[in-house]
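K.L.:
Contents of structure29.cif (mmCIF, C-alpha atoms) are given next:
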data_query
loop_
_atom_site.label_atom_id
_atom_site.label_comp_id
_atom_site.auth_asym_id
_atom_site.auth_seq_id
_atom_site.Cartn_x
_atom_site.Cartn_y
_atom_site.Cartn_z
CA MET A 1 125.70 -91.19 -23.20
CA GLY A 2 125.57 -92.99 -26.54
CA VAL A 3 123.87 -96.16 -27.71
CA PRO A 4 126.17 -98.86 -29.16
CA GLY A 5 125.59 -99.85 -32.75
CA PRO A 6 124.19 -103.20 -33.78
CA PHE A 7 126.42 -106.21 -33.43
CA PRO A 8 126.60 -109.19 -35.80
CA GLY A 9 124.62 -112.16 -34.70
CA SER A 10 122.18 -110.17 -32.55
CA PRO A 11 119.16 -112.04 -31.12
CA GLY A 12 116.08 -111.74 -33.21
CA ARG A 13 118.04 -112.79 -36.27
CA PRO A 14 118.10 -116.62 -36.03
CA ASP A 15 119.71 -116.97 -39.40
CA ALA A 16 122.72 -114.86 -38.39
CA PRO A 17 125.94 -116.85 -37.95
CA VAL A 18 127.74 -117.01 -34.62
CA PRO A 19 130.43 -114.32 -34.61
CA ASP A 20 134.04 -115.37 -34.66
CA ARG A 21 136.69 -114.46 -32.10
CA GLU A 22 137.67 -111.18 -33.78
CA GLU A 23 134.06 -110.00 -33.96
CA VAL A 24 133.53 -110.81 -30.28
CA ASP A 25 136.69 -108.92 -29.34
CA ARG A 26 135.57 -105.89 -31.32
CA ALA A 27 132.17 -106.01 -29.65
CA LEU A 28 133.80 -106.17 -26.21
CA GLU A 29 136.01 -103.24 -27.13
CA ARG A 30 133.02 -101.17 -28.22
CA LEU A 31 131.08 -102.03 -25.10
CA GLY A 32 134.10 -101.16 -22.99
CA ALA A 33 134.27 -97.73 -24.63
CA GLU A 34 130.55 -97.35 -24.05
CA TYR A 35 131.07 -98.28 -20.42
CA GLU A 36 133.75 -95.60 -20.04
CA ALA A 37 131.48 -92.98 -21.62
CA ILE A 38 128.54 -93.93 -19.40
CA GLU A 39 130.67 -93.88 -16.26
CA THR A 40 132.13 -90.47 -17.16
CA SER A 41 128.65 -89.07 -17.79
CA LEU A 42 127.29 -90.43 -14.52
CA LEU A 43 130.21 -89.07 -12.50
CA ALA A 44 129.81 -85.65 -14.20
CA LEU A 45 126.11 -85.75 -13.38
CA GLN A 46 126.96 -86.64 -9.79
CA ASP A 47 129.37 -83.69 -9.49
CA HIS A 48 127.29 -81.14 -11.44
CA ALA A 49 127.07 -77.83 -9.56
CA GLY A 50 123.38 -77.60 -10.38
CA ARG A 51 122.73 -80.96 -8.73
CA ARG A 52 124.49 -79.87 -5.53
CA LEU A 53 122.40 -76.71 -5.48
CA LEU A 54 119.19 -78.67 -5.98
CA GLU A 55 120.11 -81.09 -3.20
CA GLY A 56 120.73 -78.26 -0.73
CA ALA A 57 117.83 -75.96 -1.67
CA GLU A 58 114.38 -75.72 -0.11
CA LEU A 59 112.40 -76.28 -3.28
CA SER A 60 108.76 -75.75 -4.08
CA GLY A 61 106.30 -76.00 -6.94
CA THR A 62 107.35 -77.42 -10.29
CA THR A 63 111.01 -77.71 -9.34
CA LYS A 64 110.27 -79.71 -6.21
CA GLU A 65 108.17 -82.22 -8.18
CA ARG A 66 110.58 -82.57 -11.09
CA TRP A 67 113.67 -82.81 -8.87
CA ALA A 68 112.04 -85.57 -6.79
CA ALA A 69 111.43 -87.49 -10.01
CA ALA A 70 114.97 -86.76 -11.20
CA GLU A 71 116.47 -88.05 -7.95
CA ARG A 72 114.56 -91.31 -8.37
CA SER A 73 115.80 -91.51 -11.95
CA ILE A 74 119.41 -90.98 -10.86
CA THR A 75 119.08 -93.77 -8.30
CA VAL A 76 117.73 -96.05 -11.00
CA LEU A 77 120.54 -94.96 -13.32
CA TRP A 78 123.21 -96.22 -10.95
CA SER A 79 121.38 -99.49 -10.43
CA LEU A 80 121.16 -100.01 -14.17
CA PHE A 81 124.80 -99.10 -14.54
CA ASP A 82 125.73 -101.66 -11.87
CA ALA A 83 123.79 -104.32 -13.77
CA TYR A 84 125.48 -103.24 -17.03
CA THR A 85 128.90 -103.39 -15.33
CA ALA A 86 128.26 -106.88 -13.94
CA ALA A 87 127.11 -108.19 -17.32
CA LEU A 88 130.13 -106.70 -19.10
CA GLU A 89 132.50 -108.15 -16.47
CA SER A 90 130.92 -111.60 -16.92
CA ALA A 91 131.46 -111.38 -20.67
CA ARG A 92 135.07 -110.33 -20.20
CA GLU A 93 135.76 -113.16 -17.73
CA LEU A 94 134.29 -115.70 -20.15
CA ARG A 95 136.41 -114.34 -22.99
CA GLU A 96 139.60 -114.46 -20.90
CA ARG A 97 139.25 -118.17 -20.09
CA ARG A 98 140.81 -119.26 -23.36
CA ARG A 99 142.94 -117.51 -25.92
CA TRP A 100 141.03 -119.34 -28.64
CA PRO A 101 137.42 -119.64 -27.52
CA SER A 102 135.44 -122.72 -28.49
CA ALA A 103 132.18 -122.63 -30.41
CA GLU A 104 130.30 -123.06 -27.15
CA ASP A 105 132.18 -120.08 -25.66
CA LEU A 106 131.38 -117.92 -28.68
CA ALA A 107 127.71 -118.85 -28.50
CA GLU A 108 127.59 -118.00 -24.78
CA LEU A 109 129.42 -114.71 -25.40
CA THR A 110 126.96 -113.88 -28.15
CA GLU A 111 124.08 -114.41 -25.76
CA LEU A 112 125.76 -112.27 -23.05
CA LEU A 113 126.56 -109.45 -25.43
CA HIS A 114 123.42 -109.36 -27.53
CA GLY A 115 120.76 -111.44 -25.82
CA GLU A 116 118.34 -110.32 -23.13
CA GLY A 117 120.33 -112.00 -20.42
CA VAL A 118 120.65 -109.15 -17.91
CA THR A 119 118.26 -109.38 -15.01
CA VAL A 120 117.55 -106.08 -13.17
CA PRO A 121 115.54 -105.66 -9.97
CA GLY A 122 112.09 -104.30 -10.82
CA ALA A 123 112.48 -100.99 -8.96
CA ALA A 124 115.74 -100.30 -10.76
CA ALA A 125 114.29 -100.81 -14.20
CA ALA A 126 111.86 -97.88 -14.05
CA ASP A 127 112.24 -94.97 -16.41
CA GLY A 128 111.46 -92.57 -13.58
CA ALA A 129 108.58 -90.13 -13.26
CA PRO A 130 107.77 -87.85 -16.20
CA GLU A 131 108.53 -84.15 -16.18
CA ASP A 132 105.11 -83.16 -14.85
CA GLY A 133 105.61 -85.45 -11.83
CA ARG A 134 102.54 -87.59 -12.64
CA ALA A 135 103.03 -91.32 -13.19
CA ARG A 136 102.01 -92.87 -16.49
CA PRO A 137 101.56 -96.59 -17.27
CA GLU A 138 104.65 -96.67 -19.48
CA ASP A 139 106.72 -95.25 -16.60
CA ASP A 140 105.87 -98.04 -14.15
CA PRO A 141 108.83 -100.03 -12.77
CA ALA A 142 109.76 -103.11 -14.70
CA ARG A 143 108.39 -106.35 -13.37
CA PRO A 144 110.71 -108.15 -10.95
CA GLY A 145 113.09 -110.38 -12.87
CA GLU A 146 112.52 -108.59 -16.21
CA ARG A 147 115.41 -109.20 -18.53
CA PHE A 148 117.28 -106.69 -20.73
CA SER A 149 119.93 -106.74 -23.36
CA LEU A 150 122.99 -104.52 -22.90
CA GLU A 151 121.67 -102.28 -25.67
CA GLY A 152 118.29 -102.11 -23.92
CA LEU A 153 120.01 -101.08 -20.68
CA VAL A 154 121.92 -98.33 -22.48
CA ALA A 155 118.72 -97.04 -24.11
CA ARG A 156 116.96 -97.01 -20.74
CA MET A 157 119.91 -95.22 -19.14
CA ASN A 158 120.04 -92.67 -21.96
CA GLY A 159 116.41 -91.70 -21.37
CA LEU A 160 116.82 -91.41 -17.61
CA TYR A 161 120.05 -89.48 -17.98
CA ALA A 162 118.57 -86.99 -20.46
CA ARG A 163 115.54 -86.25 -18.27
CA SER A 164 117.62 -85.91 -15.11
CA LEU A 165 120.23 -83.71 -16.80
CA ASP A 166 117.51 -81.53 -18.31
CA VAL A 167 116.15 -80.72 -14.83
CA ILE A 168 119.63 -79.99 -13.46
CA VAL A 169 120.81 -77.89 -16.42
CA ALA A 170 117.59 -75.86 -16.60
CA ALA A 171 117.59 -75.10 -12.87
CA ASP A 172 121.29 -74.23 -12.96
CA ALA A 173 120.76 -71.93 -15.96
CA VAL A 174 117.99 -70.03 -14.18
CA TRP A 175 120.01 -69.76 -10.97
CA SER A 176 123.04 -68.57 -12.95
CA ALA A 177 121.06 -65.92 -14.82
CA LEU A 178 118.37 -64.45 -12.63
CA PRO A 179 119.48 -64.12 -8.97
CA ALA A 180 122.67 -62.24 -9.86
CA ARG A 181 120.74 -59.88 -12.14
CA ILE A 182 118.08 -59.38 -9.49
CA ASP A 183 120.79 -58.55 -6.93
CA LEU A 184 122.38 -56.01 -9.28
CA LEU A 185 118.99 -54.44 -9.94
CA SER A 186 118.28 -54.37 -6.19
CA ALA A 187 121.56 -52.55 -5.61
CA GLU A 188 120.62 -50.03 -8.30
CA LEU A 189 117.21 -49.73 -6.66
CA GLN A 190 118.81 -48.87 -3.31
CA ARG A 191 120.96 -46.17 -4.92
CA THR A 192 117.95 -44.74 -6.72
CA ARG A 193 115.85 -44.84 -3.54
CA SER A 194 118.56 -43.00 -1.56
CA LEU A 195 118.81 -40.37 -4.28
CA ALA A 196 115.03 -40.11 -4.52
CA HIS A 197 114.69 -39.56 -0.76
CA SER A 198 117.27 -36.76 -0.93
CA VAL A 199 115.03 -34.84 -3.34
CA GLY A 200 111.79 -35.56 -1.51
CA VAL A 201 110.56 -38.48 -3.64
CA ARG A 202 109.18 -40.64 -0.84
CA PRO A 203 106.31 -43.12 -0.45
CA GLY A 204 103.07 -41.32 0.27
CA GLU A 205 104.45 -38.01 -0.97
CA HIS A 206 105.24 -38.74 -4.60
CA PRO A 207 103.96 -41.42 -7.02
CA ALA A 208 107.53 -42.42 -7.90
CA GLY A 209 108.19 -43.08 -4.21
CA ASP A 210 105.24 -45.49 -4.14
CA ASP A 211 106.55 -47.15 -7.30
CA LEU A 212 109.95 -47.65 -5.68
CA GLU A 213 108.33 -49.49 -2.79
CA ARG A 214 106.33 -51.62 -5.19
CA ILE A 215 109.44 -52.56 -7.20
CA THR A 216 111.33 -53.37 -3.98
CA GLU A 217 108.62 -55.80 -2.90
CA GLU A 218 108.43 -57.29 -6.39
CA LEU A 219 112.17 -57.99 -6.49
CA LEU A 220 112.07 -59.61 -3.05
CA ARG A 221 109.20 -61.89 -4.10
CA LEU A 222 110.83 -62.62 -7.45
CA ARG A 223 114.15 -63.62 -5.87
CA GLU A 224 112.49 -65.90 -3.33
CA ARG A 225 110.47 -67.58 -6.08
CA VAL A 226 113.48 -67.99 -8.37
CA ILE A 227 115.54 -69.61 -5.59
CA ALA A 228 112.73 -71.96 -4.51
CA ASP A 229 111.27 -72.81 -7.93
CA PRO A 230 113.74 -72.04 -10.75
CA LEU A 231 111.97 -74.28 -13.26
CA ALA A 232 108.92 -72.02 -13.04
CA PHE A 233 111.12 -69.49 -14.89
CA TRP A 234 112.31 -71.83 -17.62
CA VAL A 235 110.97 -71.61 -21.18
CA SER A 236 111.56 -74.73 -23.23
CA SER A 237 113.03 -74.36 -26.70
CA SER A 238 110.47 -73.44 -29.34
CA THR A 239 112.36 -75.56 -31.88
CA GLY A 240 111.37 -78.73 -30.07
CA SER A 241 114.98 -79.68 -29.33
CA SER A 242 115.28 -82.70 -27.09
CA ALA A 243 118.77 -81.77 -25.90
CA PRO A 244 119.07 -81.35 -22.11
CA GLY A 245 118.68 -77.70 -21.18
CA GLY A 246 117.08 -76.80 -24.49
CA GLY A 247 115.45 -73.47 -23.67
CA ARG A 248 116.13 -70.21 -21.85
CA PRO A 249 115.37 -68.47 -18.54
CA ASP A 250 112.14 -66.46 -18.52
CA THR A 251 113.18 -62.90 -17.58
CA GLY A 252 109.79 -61.27 -18.18
CA ARG A 253 109.12 -60.19 -14.58
CA TYR A 254 112.70 -59.03 -14.13
CA ASP A 255 112.59 -57.02 -17.36
CA ARG A 256 109.37 -55.28 -16.34
CA ALA A 257 110.86 -54.31 -12.97
CA ALA A 258 114.04 -53.07 -14.68
CA ARG A 259 112.04 -50.89 -17.08
CA ALA A 260 109.94 -49.45 -14.26
CA LEU A 261 113.08 -48.63 -12.26
CA GLU A 262 114.64 -46.95 -15.29
CA ASP A 263 111.55 -44.74 -15.66
CA ILE A 264 111.82 -43.73 -12.00
CA ARG A 265 115.55 -43.12 -12.33
CA ARG A 266 114.91 -40.71 -15.20
CA GLU A 267 112.22 -38.94 -13.18
CA VAL A 268 114.54 -38.58 -10.18
CA ALA A 269 117.30 -37.29 -12.50
CA ALA A 270 114.87 -34.66 -13.78
CA VAL A 271 114.10 -33.62 -10.20
CA LEU A 272 117.85 -33.40 -9.51
CA ASP A 273 118.22 -31.11 -12.51
CA VAL A 274 115.52 -28.94 -10.99
CA ARG A 275 117.46 -28.75 -7.72
CA GLN A 276 120.59 -27.64 -9.55
CA ASP A 277 118.83 -25.02 -11.69
CA ALA A 278 116.12 -23.94 -9.25
CA GLU A 279 117.65 -20.58 -8.23
CA ARG A 280 118.43 -19.58 -11.81
CA ARG A 281 114.95 -20.50 -13.00
CA LEU A 282 113.32 -18.68 -10.08
CA MET A 283 115.34 -15.54 -10.91
CA GLN A 284 114.27 -15.76 -14.54
CA LEU A 285 110.65 -16.14 -13.48
CA ARG A 286 110.87 -13.09 -11.22
CA ASP A 287 112.39 -11.11 -14.09
CA VAL A 288 109.67 -12.14 -16.56
CA LEU A 289 106.85 -11.36 -14.14
CA SER A 290 108.51 -8.06 -13.24
CA ARG A 291 108.66 -7.06 -16.90
CA ALA A 292 105.03 -8.08 -17.33
CA ASP A 293 104.02 -5.95 -14.31
CA ARG A 294 106.00 -2.94 -15.59
CA THR A 295 104.43 -3.31 -19.01
CA LEU A 296 100.94 -3.43 -17.51
CA THR A 297 101.74 -0.35 -15.40
CA GLU A 298 102.92 1.43 -18.54
CA ALA A 299 99.73 0.34 -20.34
CA ARG A 300 97.54 1.74 -17.55
CA GLN A 301 99.42 5.05 -17.63
CA ALA A 302 99.16 5.16 -21.41
CA ARG A 303 95.44 4.50 -21.18
CA GLY A 304 94.99 7.51 -18.93
CA GLU A 305 97.00 9.61 -21.37
CA VAL A 306 94.93 8.39 -24.32
CA LEU A 307 91.66 9.09 -22.58
CA ALA A 308 92.88 12.61 -21.82
CA LYS A 309 94.35 13.38 -25.26
CA ILE A 310 92.23 11.46 -27.73
CA ALA A 311 88.53 12.09 -28.17
CA ALA A 312 85.91 9.70 -29.51
CA SER A 313 88.24 6.68 -29.17
CA GLU A 314 87.49 3.27 -27.65
CA VAL A 315 90.38 2.40 -25.33
CA PRO A 316 90.41 -1.17 -23.90
CA ALA A 317 90.69 -1.64 -20.15
CA VAL A 318 94.00 -2.87 -18.69
CA SER A 319 93.98 -5.58 -16.02
CA GLY A 320 96.27 -5.62 -13.04
CA PRO A 321 99.16 -8.04 -12.34
CA SER A 322 98.29 -11.72 -11.97
CA THR A 323 97.90 -12.34 -8.25
CA ALA A 324 97.78 -16.11 -8.80
CA LEU A 325 101.14 -16.14 -10.58
CA HIS A 326 102.81 -14.15 -7.82
CA GLU A 327 101.34 -16.46 -5.18
CA GLN A 328 102.60 -19.51 -7.06
CA LEU A 329 106.03 -17.93 -7.44
CA ALA A 330 106.13 -17.42 -3.67
CA ALA A 331 105.10 -21.07 -3.20
CA ALA A 332 107.91 -22.16 -5.55
CA ALA A 333 110.44 -20.19 -3.52
CA ASP A 334 109.10 -21.84 -0.37
CA TYR A 335 109.45 -25.31 -1.94
CA ARG A 336 113.06 -24.49 -2.72
CA ARG A 337 113.77 -23.37 0.84
CA ARG A 338 112.26 -26.61 2.15
CA ALA A 339 114.08 -28.75 -0.46
CA GLN A 340 110.76 -30.11 -1.76
CA TRP A 341 112.20 -30.59 -5.22
CA HIS A 342 109.60 -33.09 -6.38
CA ARG A 343 106.90 -30.43 -5.89
CA LEU A 344 109.02 -27.61 -7.24
CA ALA A 345 109.73 -29.37 -10.55
CA PRO A 346 106.19 -29.42 -12.02
CA LEU A 347 105.38 -26.00 -10.53
CA LEU A 348 108.39 -24.39 -12.23
CA ASP A 349 107.46 -25.95 -15.58
CA SER A 350 103.94 -24.55 -15.30
CA LEU A 351 105.07 -21.14 -14.07
CA GLU A 352 107.61 -20.67 -16.87
CA GLU A 353 104.97 -21.21 -19.52
CA ARG A 354 102.34 -19.04 -17.82
CA ALA A 355 104.80 -16.24 -17.05
CA GLU A 356 105.71 -15.96 -20.75
CA ASP A 357 101.99 -15.87 -21.58
CA GLU A 358 101.52 -13.09 -19.00
CA LEU A 359 104.32 -11.00 -20.52
CA HIS A 360 102.87 -11.50 -24.00
CA ARG A 361 99.42 -10.45 -22.74
CA ALA A 362 100.88 -7.30 -21.12
CA ARG A 363 102.62 -6.31 -24.34
CA GLU A 364 99.43 -6.83 -26.32
CA SER A 365 97.54 -4.63 -23.83
CA LEU A 366 100.13 -1.86 -24.19
CA THR A 367 99.96 -2.08 -27.97
CA ALA A 368 96.16 -1.97 -27.98
CA VAL A 369 96.01 0.98 -25.53
CA THR A 370 98.60 3.09 -27.35
CA ALA A 371 97.17 2.48 -30.83
CA PRO A 372 95.33 5.90 -30.92
CA LEU A 373 98.54 7.71 -29.95
CA ALA A 374 100.36 5.85 -32.73
CA VAL A 375 97.67 6.96 -35.20
CA ARG A 376 98.01 10.57 -34.03
CA ALA A 377 101.80 10.40 -34.34
CA GLU A 378 101.49 9.03 -37.87
CA LEU A 379 99.10 11.88 -38.84
CA ARG A 380 101.46 14.45 -37.38
CA GLY A 381 104.36 13.02 -39.34
CA ARG A 382 102.38 12.97 -42.56
CA LEU A 383 101.27 16.61 -42.08
CA ASP A 384 104.83 17.81 -41.41
CA ALA A 385 106.16 15.85 -44.40
CA TYR A 386 103.72 17.56 -46.79
CA ARG A 387 104.43 20.95 -45.16
CA ALA A 388 108.15 20.46 -45.88
CA LYS A 389 107.42 19.40 -49.46
CA VAL A 390 105.30 22.51 -50.04
CA ALA A 391 108.05 24.69 -48.53
CA ARG A 392 110.67 23.22 -50.90
CA HIS A 393 108.55 24.37 -53.84
CA GLY A 394 108.23 27.89 -52.41
CA MET A 395 104.52 27.64 -51.68
CA ALA A 396 104.60 27.82 -47.88
CA ALA A 397 102.84 31.20 -47.93
CA ASP A 398 99.93 30.06 -50.08
CA PRO A 399 96.78 31.24 -48.18
CA LEU A 400 94.70 28.08 -48.81
CA LEU A 401 97.52 25.77 -47.86
CA THR A 402 98.34 27.84 -44.78
CA GLU A 403 94.70 27.81 -43.68
CA ARG A 404 94.31 24.08 -44.10
CA TYR A 405 97.66 23.37 -42.46
CA ASP A 406 96.83 25.49 -39.42
CA LEU A 407 93.45 23.77 -39.06
CA ALA A 408 94.95 20.27 -39.19
CA ARG A 409 97.76 21.26 -36.85
CA ARG A 410 95.36 22.70 -34.26
CA MET A 411 93.36 19.48 -34.32
CA LEU A 412 96.43 17.23 -33.94
CA TRP A 413 98.13 19.31 -31.25
CA SER A 414 95.06 20.04 -29.15
CA ALA A 415 93.59 17.87 -26.42
CA PRO A 416 91.42 15.97 -26.62
CA CYS A 417 92.16 15.23 -30.26
CA ASP A 418 89.38 14.08 -32.53
CA LEU A 419 91.29 11.59 -34.66
CA ARG A 420 88.57 11.20 -37.29
CA ALA A 421 88.26 14.98 -37.84
CA ALA A 422 92.06 15.39 -37.71
CA GLU A 423 92.54 12.67 -40.31
CA GLN A 424 90.04 14.46 -42.61
CA ALA A 425 91.86 17.77 -42.09
CA VAL A 426 95.24 16.19 -42.96
CA TRP A 427 93.72 14.55 -46.04
CA ARG A 428 92.27 17.91 -47.22
CA TYR A 429 95.70 19.56 -46.76
CA GLN A 430 97.32 16.76 -48.78
CA GLN A 431 94.76 17.26 -51.57
CA ALA A 432 95.27 21.03 -51.62
CA ALA A 433 99.06 20.60 -51.65
CA ALA A 434 98.88 18.09 -54.48
CA GLU A 435 96.65 20.39 -56.57
CA ALA A 436 98.93 23.39 -55.93
CA LEU A 437 102.04 21.46 -56.92
CA VAL A 438 100.66 20.14 -60.25
CA PRO A 439 100.94 23.45 -62.22
CA GLN A 440 104.52 23.94 -61.04
CA GLN A 441 105.44 20.43 -62.11
CA LEU A 442 103.86 20.99 -65.58
CA GLU A 443 105.58 24.36 -65.93
CA GLY A 444 108.91 22.79 -65.05
CA ARG A 445 108.44 20.15 -67.76
CA GLY A 446 107.57 22.83 -70.34
CA GLU A 447 110.68 24.82 -69.65
CA SER A 448 112.81 21.76 -69.96
#
Can you dump the structure from the file as structure tokens?

P.N.:
Amino acid sequence: MGVPGPFPGSPGRPDAPVPDREEVDRALERLGAEYEAIETSLLALQDHAGRRLLEGAELSGTTKERWAAAERSITVLWSLFDAYTAALESARELRERRRWPSAEDLAELTELLHGEGVTVPGAAAADGAPEDGRARPEDDPARPGERFSLEGLVARMNGLYARSLDVIVAADAVWSALPARIDLLSAELQRTRSLAHSVGVRPGEHPAGDDLERITEELLRLRERVIADPLAFWVSSSTGSSAPGGGRPDTGRYDRAARALEDIRREVAAVLDVRQDAERRLMQLRDVLSRADRTLTEARQARGEVLAKIAASEVPAVSGPSTALHEQLAAAADYRRRAQWHRLAPLLDSLEERAEDELHRARESLTAVTAPLAVRAELRGRLDAYRAKVARHGMAADPLLTERYDLARRMLWSAPCDLRAAEQAVWRYQQAAAEALVPQQLEGRGES
């Protein structure tokens, strides 16, 4: 709804000449166009879908207060428009009396078009209540018999129209945006809840089940509040725009519920993955624990062998299989049989890590227990290697070498074996072999 521009000869300018016939006709034409625009705007406001929704809704809070004020403003709007229509019709009738209006006619037309000659009932001249629903002195109804110019009526109507349309557009925007999104999220919530129940994620049994109930209640409360008080979810434009509907719906509560549901959906999906892979993971766990048990058994047997064959050696003790891990593995299998996937998921994660640690511990025990046997095997290999080297140089029958070789061999192949003494005997044989081989190496160089 626009405001007509200034006309020549407006009141308040006593020195302005009385307009001629052409100027009056142009003014009437402009006011007629203004009338058409105002009528179109009022009819559109009357038929606005948001208005029909507001009229049929059980409102509360901010929306109830602002819509009550807007309804009063709309009533005033039509009264002002009726007064504007009557004044314009009077001006048109006066102009149509004569093809060539007299000076008196032009003066009267000037007063009708530009003077404050329109009388409006006091209740109809009010600007309506402000947005917060509280009356202010400047919003009081005009005094009975107060007079307006046509331009003043248009300005008053523009203000009432903008405030009323702002309420309708904002409420309609919230209703268009939030309830449909809440309904879609509720449908997704129902699908997630059904899926969660199928894997044992239920209220009182799993935290995610409790969260699903909380989100369900939040969406119900949110939808009821949005329907009853949409303006409570409207954020006015931060740019300070005065255009009707300048702002956006506040989706903060909806967004938080959507994020929480997405977190639960991912958690349920993880539990579903557990259900699909449970048997394979349980078989892998049994295999890892079985290998750990066999390794520990081998370590215990090796420890007995070491204690019997190696003297003066500190052999670490070997623990038995982890009873706790086997009990938890049995519990995991029971969870699978009972389809308690939400309990199986964290237990499998923990068991897989601890089972690998158990296998690593068993292998370390075997390595630590068999270390003396590895040392003895290395000494035996070194002794045989030097014996072969001596034999290649034709010195196998050397009495000193034979004596030292036999001594080292008896120590290494007797039980229990004293590793420290055997290592000294091998070292003495190596020294004797090295000393015996030096003259032959020098002799070979001399001959060459």

K.L.:
Can you tell me which residues surround region 361-363 of chain A at a distance of at most 8 Å, considering only C-alpha atoms, apart from same-chain residues fewer than 4 positions away, and format the answer as a list in words?

P.N.:
Ala292, Asp293, Thr295, Leu296, Ala299, Asp357 and Thr367 of chain A

K.L.:
Evaluated on this file, the PyMOL selection byres ((chain A and resi 219) around 8) picks out some residues - which ones are they, written as a list in words?

P.N.:
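So the PyMOL selection byres ((chain A and resi 219) around 8), applied here, picks out Ile182, Ser186, Ile215, Thr216, Glu217, Glu218, Leu220, Arg221, Leu222, Arg223, Tyr254 and Ala257 of chain A.
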
K.L.:
Could you turn the residues from that selection into a file that holds C-alpha atoms, as a PDB file, in the frame of the given file?

P.N.:
ATOM      1  CA  ILE A 182     118.080 -59.380  -9.490  1.00  0.00           C
ATOM      2  CA  SER A 186     118.280 -54.370  -6.190  1.00  0.00           C
ATOM      3  CA  ILE A 215     109.440 -52.560  -7.200  1.00  0.00           C
ATOM      4  CA  THR A 216     111.330 -53.370  -3.980  1.00  0.00           C
ATOM      5  CA  GLU A 217     108.620 -55.800  -2.900  1.00  0.00           C
ATOM      6  CA  GLU A 218     108.430 -57.290  -6.390  1.00  0.00           C
ATOM      7  CA  LEU A 220     112.070 -59.610  -3.050  1.00  0.00           C
ATOM      8  CA  ARG A 221     109.200 -61.890  -4.100  1.00  0.00           C
ATOM      9  CA  LEU A 222     110.830 -62.620  -7.450  1.00  0.00           C
ATOM     10  CA  ARG A 223     114.150 -63.620  -5.870  1.00  0.00           C
ATOM     11  CA  TYR A 254     112.700 -59.030 -14.130  1.00  0.00           C
ATOM     12  CA  ALA A 257     110.860 -54.310 -12.970  1.00  0.00           C
TER      13      ALA A 257
END

K.L.:
Excluding region 268-284 of chain A and its own-chain neighbours fewer than 5 positions away, which residues fall within 9 Å of it when counting only C-alpha atoms? Please give them as a compact mmCIF listing (two decimals) with C-alpha atoms, keeping the file's coordinate frame.

P.N.:
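Okay, this is what ended up in part-v7.txt:
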# COMPACT_ATOMS: atom_id res chain seq x y z
CA THR A 192 117.95 -44.74 -6.72
CA LEU A 195 118.81 -40.37 -4.28
CA ALA A 196 115.03 -40.11 -4.52
CA VAL A 199 115.03 -34.84 -3.34
CA VAL A 201 110.56 -38.48 -3.64
CA ALA A 208 107.53 -42.42 -7.90
CA ASP A 263 111.55 -44.74 -15.66
CA LEU A 289 106.85 -11.36 -14.14
CA LEU A 329 106.03 -17.93 -7.44
CA ALA A 332 107.91 -22.16 -5.55
CA ALA A 333 110.44 -20.19 -3.52
CA ARG A 336 113.06 -24.49 -2.72
CA ALA A 339 114.08 -28.75 -0.46
CA TRP A 341 112.20 -30.59 -5.22
CA HIS A 342 109.60 -33.09 -6.38
CA ARG A 343 106.90 -30.43 -5.89
CA LEU A 344 109.02 -27.61 -7.24
CA ALA A 345 109.73 -29.37 -10.55
CA LEU A 348 108.39 -24.39 -12.23
CA GLU A 352 107.61 -20.67 -16.87

K.L.:
Given the file shown, determine the residues that the PyMOL selection byres ((chain A and resi 229-239) around 12) selects; report them as a VMD selection string.

P.N.:
chain A and resid 50 53 to 54 57 to 67 131 to 132 166 to 179 221 to 228 240 to 254

K.L.:
Report, in Å to a single decimal, how far apart CA of Leu165 (chain A) and CA of Glu151 (chain A) are.

P.N.:
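Between these atoms lies a distance of 20.6 Å.
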
K.L.:
For the file shown, what are the residues hit by the PyMOL selection byres ((chain A and resi 261) around 9), laid out as a list in words?

P.N.:
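Checked against the file, the PyMOL selection byres ((chain A and resi 261) around 9) matches Leu185, Glu188, Leu189, Thr192, Asp211, Leu212, Ile215, Arg256, Ala257, Ala258, Arg259, Ala260, Glu262, Asp263, Ile264, Arg265 and Arg266 of chain A.
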
K.L.:
Within 12 Å of region 407-422 of chain A, counting all atoms listed in the file, which residues show up once you throw out same-chain ones fewer than 6 positions away? Write them as a count of residues only, please.

P.N.:
32

K.L.:
Would you compute the distance between CA of His197 (chain A) and CA of Arg181 (chain A)? Give it in Å to one decimal.

P.N.:
24.1 Å

K.L.:
With all atoms listed in the file as the basis for distance, which of A:His48, A:Arg404, A:Arg286, A:Arg303 is at the shortest distance from Ala330 (chain A)?

P.N.:
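Of the candidates, the smallest distance to Ala330 (chain A) is held by A:Arg286.
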
K.L.:
To one decimal place in Å, what is the distance between CA of Gly159 (chain A) and CA of Asp82 (chain A)?

P.N.:
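Going from CA of Gly159 (chain A) over to CA of Asp82 (chain A), I get 16.6 Å.
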
K.L.:
When distances are computed from only C-alpha atoms, which of A:Arg72, A:Arg51, A:Arg156, A:Arg392 shows the smallest separation from Tyr84 (chain A)?

P.N.:
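Smallest separation from Tyr84 (chain A) among the options: A:Arg156.
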
K.L.:
Considering all atoms listed in the file, state which residue in the set A:Ala317, A:Leu347, A:Leu45, A:Ala70 is at the smallest distance from Val369 (chain A).

P.N.:
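Once distances to Val369 (chain A) are computed over all atoms listed in the file, the minimum belongs to A:Ala317.
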
K.L.:
Which residue is closest to Thr370 (chain A)? Choose from A:Val315, A:Val438, A:Ala68, A:Ala162 and count all atoms listed in the file.

P.N.:
A:Val315
